[in-house]
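Colleague: My questions all concern the structure below.
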Amino acid sequence: MRRGWRLVALAGLITLTAAACGGGDGDGDGELARADRDAGAEANPNSGLVGGSAEFDIDAVSWNSYWYSRYNLGNLVMMSGLGVTFMPAMEDVQAMAAAVDQGPEAGEHVTLPENPALLKAVFAGGNPEFATAFNGNPGDFTNWRWDPTGTDDRITPSAMAQTITKEVEWAKLFNNAAWAGSPTDDFGAMDRFKGMALFAEAKMQATFALDMLRNADGFFVALARPEGEGVTVEDDSIDVADQYQMLQALADVRTVLDHPDAFNNVYGDEQAKAMIGAAADELFTLVAELEPKTVSELSLGAQAMTWFAAATGDDGLRAQARTELRSLGDALVGARRDGVVERAVAIRGLVESGRVLGEEKHLDAAAADFEAIQDAYDPATGSFDGVTELSNWEVGDVLGALNTLRVNAAEVVDKADVERMLVGFFEAVVNRGGLMRAAPPKEMEASPFEIERMDDAHFAYQGIPTPDKAGGKYGTAAVDAASVRFDAESGRWKVADKGFDTAGSMHASNEQIWTFGFVDGYPDPS
């Protein structure tokens, strides 16, 4: 164990504290920057990436996706303070702990943190550098608050929706008995409690969005800022993509509320079930009248229709959602795509409509888009012709397209080709390119049952700095950078914007947890 770092088995999802955390003195590249494509460097046989690690394969992508998704979410919604905070009554917190921690005395038990920063609304972005030096108390989450001078306090439906979905997906995993055990088991109590906290936040954020961000017609407005106990709406325009993302998020919350038996029977809430279910149905009736035009709108719409159709209890609305899905898929087939990213976006929606409806022309169009992406891809560098910069959201688009192809469309593409690109792109951009800014040592984060399930090489990519060495006066949270840029001279991706973009990070993190695969990112609305 490195001197100065300790494990904190508390409710936060990232559990490092620095006993003497002097901030990193570099830009977070460290060993990775010094490993720029040296002459004669060998290629990763799993992907063709020059300078890549032969140990980095599709299993490593899966496990890295698990941890990076977890870090991004935990830092944001437990510790950062990047939003409108709330704190449940202590008796409610204790009741949540008791519900998931009923194991033997000798087993693992819940330990509550001090000063968590739970969020009922998330801000659009911020500076993930820590605001203060470590205060000597490893159980005090104020050690991990972010520098407020970099806060972007806009509240957007996209950031809210992506965060809600992210919280629900991790809540599903943490109270899946096959993963973290049942309340009476002697392991997994902390993960099960994290699931309780995350689902409480998801419900709170969904309620906040429904109460504060809708106009008189029921649509979500584009932009608001916090004011007192409420918000000031600064842009009341209606963005089509926002409505689809919120519909998917509400559908995801509803799925868990409707099926608590699938999650250790700890997420039951009849009041929230009725309210959020009705809100999802109402939003769908509004969204069904919209006219999406861009590839992004069409793709997000296809995903939202799938999730809503799988969640609604109304057979008529389900049938209507499937009809909408077919229309969106047909429109995607004929939509113009400009470049690699738009093709990736199209793939994500086309595979949804193709797999759900059995539409071969949708899957064939997705396969054609992948072929075009292949033609533009350089496996030696993990880059694409014509692509010089990628936002974190766009990285999520590419990851999501490749993963859905390998999981749901292997009959129309060569799965091995898809996985080679996924391995190479992930290693080049997320790991070697510095998109993932920091990662704690395995011993500081993983529970024993998690360590048993993975190889050392799968926890974090060698060379990614620990939070204390990732830049900033006091260190930087283990989260994604906002964007990366391809440097043709070195043949490497490098960080372009070190800030934190909430919607982009949560979008990419959602695609990562579905790449891990233990929770299903591709619901069946049959």
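The way I read the labels, and the way they are meant: chains A, B, ... in the order of the structure tokens, residue 1 as the first residue of every chain, and ligand 1 as the first ligand shown, with later ones counted on from there.
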Would you pick out the contacts of Asp314 of chain A at 12 Å or less, using only C-alpha atoms, so that residues sharing its chain but fewer than 4 positions from it are not included, and give the list as a CSV table (one decimal) with C-alpha atoms, in the first residue's frame?

Modeller:
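Wrote it out as out_22.csv, contents follow:
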```
chain,number,residue,atom,x,y,z
A,277,GLY,CA,-44.9,6.2,-14.2
A,278,ALA,CA,-47.7,8.8,-15.0
A,280,ALA,CA,-43.3,9.0,-18.3
A,281,ASP,CA,-46.6,8.2,-20.0
A,282,GLU,CA,-47.5,11.9,-20.3
A,284,PHE,CA,-44.3,10.0,-24.3
A,308,PHE,CA,-40.2,3.5,-22.8
A,309,ALA,CA,-41.9,0.6,-24.6
A,310,ALA,CA,-40.1,-1.8,-22.3
A,318,ARG,CA,-46.3,0.3,-26.0
A,319,ALA,CA,-47.7,-0.4,-29.5
A,320,GLN,CA,-47.5,3.3,-30.3
A,321,ALA,CA,-43.9,3.4,-29.1
A,525,PRO,CA,-40.1,-4.2,-25.2
```

Colleague: Extract, using only C-alpha atoms, all DNA, RNA and protein residues at most 9 Å from segment 297-305 of chain A, discarding same-chain residues fewer than 5 positions from it, and format them as a ChimeraX atom specification.

Modeller: /A:240-249,251,284,287,292,310,318,321-322,324-329,331-332,345-350,352-353,522

Colleague: Mind listing the helix (DSSP H, G or I) residues of segment 372-427 of chain A, per DSSP on the backbone, as a ChimeraX atom specification?

Modeller: /A:372-376,392-408,415-427

Colleague: Per residue of segment 45-113 of chain A within 8 Å of segment 467-487 of chain A, what are the shortest atom pair and its distance in Å to one decimal, counting only C-alpha atoms, with rows by chain and residue number, as CSV?

Modeller:
```
residue,atom,partner,partner_atom,distance
A:Tyr68,CA,A:Val479,CA,7.4
A:Tyr71,CA,A:Ala478,CA,5.9
A:Asn72,CA,A:Val479,CA,4.7
A:Asn75,CA,A:Ala477,CA,6.8
```

Colleague: Separation of atom CA of Thr294 of chain A and atom CA of Phe426 of chain A, in Å?

Modeller: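 For atom CA of Thr294 of chain A relative to atom CA of Phe426 of chain A, the distance reads 26.5 Å.
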
Colleague: Please indicate the distance in Å from atom CA of Glu42 of chain A to atom CA of Gln462 of chain A, rounded to one decimal place.

Modeller: 16.5 Å

Colleague: Do a neighbour search on segment 256-271 of chain A at 8 Å with only C-alpha atoms, toss out local chain neighbours closer than 4 positions, and write the hits as a PyMOL selection string.

Modeller: chain A and resi 99-100+168+172+175-177+182-183+196+199+252+275

Colleague: So which residues touch Gly517 of chain A within 10 Å, counting only C-alpha atoms, skipping near sequence neighbours fewer than 6 positions away, as a short mmCIF file (atom, residue, chain, number, x, y, z; two decimals) with N, CA and C atoms, in the first residue's frame?

Modeller:
```cif
data_model
loop_
_atom_site.label_atom_id
_atom_site.label_comp_id
_atom_site.auth_asym_id
_atom_site.auth_seq_id
_atom_site.Cartn_x
_atom_site.Cartn_y
_atom_site.Cartn_z
N SER A 62 -13.85 -4.37 -20.92
CA SER A 62 -15.03 -4.58 -20.10
C SER A 62 -14.80 -4.13 -18.66
N TRP A 63 -13.68 -4.56 -18.07
CA TRP A 63 -13.41 -4.21 -16.68
C TRP A 63 -13.04 -2.74 -16.52
N SER A 65 -14.18 -0.42 -18.28
CA SER A 65 -15.46 0.26 -18.41
C SER A 65 -16.23 0.25 -17.09
N TYR A 66 -16.18 -0.86 -16.40
CA TYR A 66 -16.84 -0.96 -15.09
C TYR A 66 -16.29 0.10 -14.14
N ASN A 403 -20.14 -1.22 -29.16
CA ASN A 403 -20.62 -2.25 -28.25
C ASN A 403 -21.96 -2.81 -28.69
N VAL A 407 -22.79 -6.80 -29.53
CA VAL A 407 -23.77 -7.49 -28.69
C VAL A 407 -25.03 -7.84 -29.47
N GLU A 511 -22.62 4.22 -21.60
CA GLU A 511 -22.19 3.27 -22.62
C GLU A 511 -21.14 2.31 -22.06
#
```

Colleague: Would you kindly return, as a ChimeraX atom specification, each protein, DNA or RNA residue with an atom no farther than 6 Å from any atom of Gly424 of chain A, considering only C-alpha atoms and excluding same-chain residues fewer than 2 positions away?

Modeller: /A:47,49,382,421-422,426-428

Colleague: Quick one: write out the picked residues with C-alpha atoms as a compact mmCIF listing (two decimals), in the first residue's frame?

Modeller:
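Saved result, part.txt, follows:
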```txt
# COMPACT_ATOMS: atom_id res chain seq x y z
CA SER A 47 -6.04 -4.34 -31.85
CA LEU A 49 -2.44 -0.20 -31.77
CA GLY A 382 -6.67 4.48 -32.86
CA MET A 421 -11.63 -1.58 -33.10
CA LEU A 422 -13.26 -1.29 -29.68
CA PHE A 426 -10.54 2.48 -26.01
CA GLU A 427 -6.84 1.95 -25.32
CA ALA A 428 -5.79 4.85 -27.57
```

Colleague: At a cut-off of 8 Å, using only C-alpha atoms, what residues contact Ile373 of chain A? Leave out same-chain residues fewer than 2 positions from it and give the result as a PDB file with C-alpha atoms, in the first residue's frame.

Modeller:
```pdb
ATOM      1  CA  VAL A 340     -17.413   9.056 -38.386  1.00  0.00           C
ATOM      2  CA  ARG A 343     -22.200   7.257 -38.433  1.00  0.00           C
ATOM      3  CA  ALA A 344     -21.584   5.968 -34.915  1.00  0.00           C
ATOM      4  CA  ASP A 369     -22.027   2.587 -41.461  1.00  0.00           C
ATOM      5  CA  PHE A 370     -19.563   0.364 -39.647  1.00  0.00           C
ATOM      6  CA  GLU A 371     -17.864  -0.501 -42.933  1.00  0.00           C
ATOM      7  CA  ASP A 375     -12.407   2.527 -43.945  1.00  0.00           C
ATOM      8  CA  ALA A 376     -11.607   5.704 -41.982  1.00  0.00           C
ATOM      9  CA  TYR A 377      -9.943   3.955 -39.033  1.00  0.00           C
ATOM     10  CA  PHE A 384     -10.042   8.261 -37.792  1.00  0.00           C
TER      11      PHE A 384
END
```

Colleague: Pick from A:Asp378, A:Ala438, A:Thr165, A:Ile451: nearest to Arg420 of chain A, with only C-alpha atoms counted?

Modeller: A:Asp378

Colleague: Which is closer to Thr312 of chain A than all the others in A:Leu213, A:Leu283, A:Val429, A:Val61, using only C-alpha atoms?

Modeller: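 Counting only C-alpha atoms, the residue closest to Thr312 of chain A is A:Leu283.
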
Colleague: Which neighbours of segment 214-224 of chain A fall inside 12 Å, counting only C-alpha atoms, when residues of the same chain fewer than 3 positions from it are skipped, and could you give them as a PyMOL selection string?

Modeller: chain A and resi 121-124+152-161+206-211+227+230-247+279-290
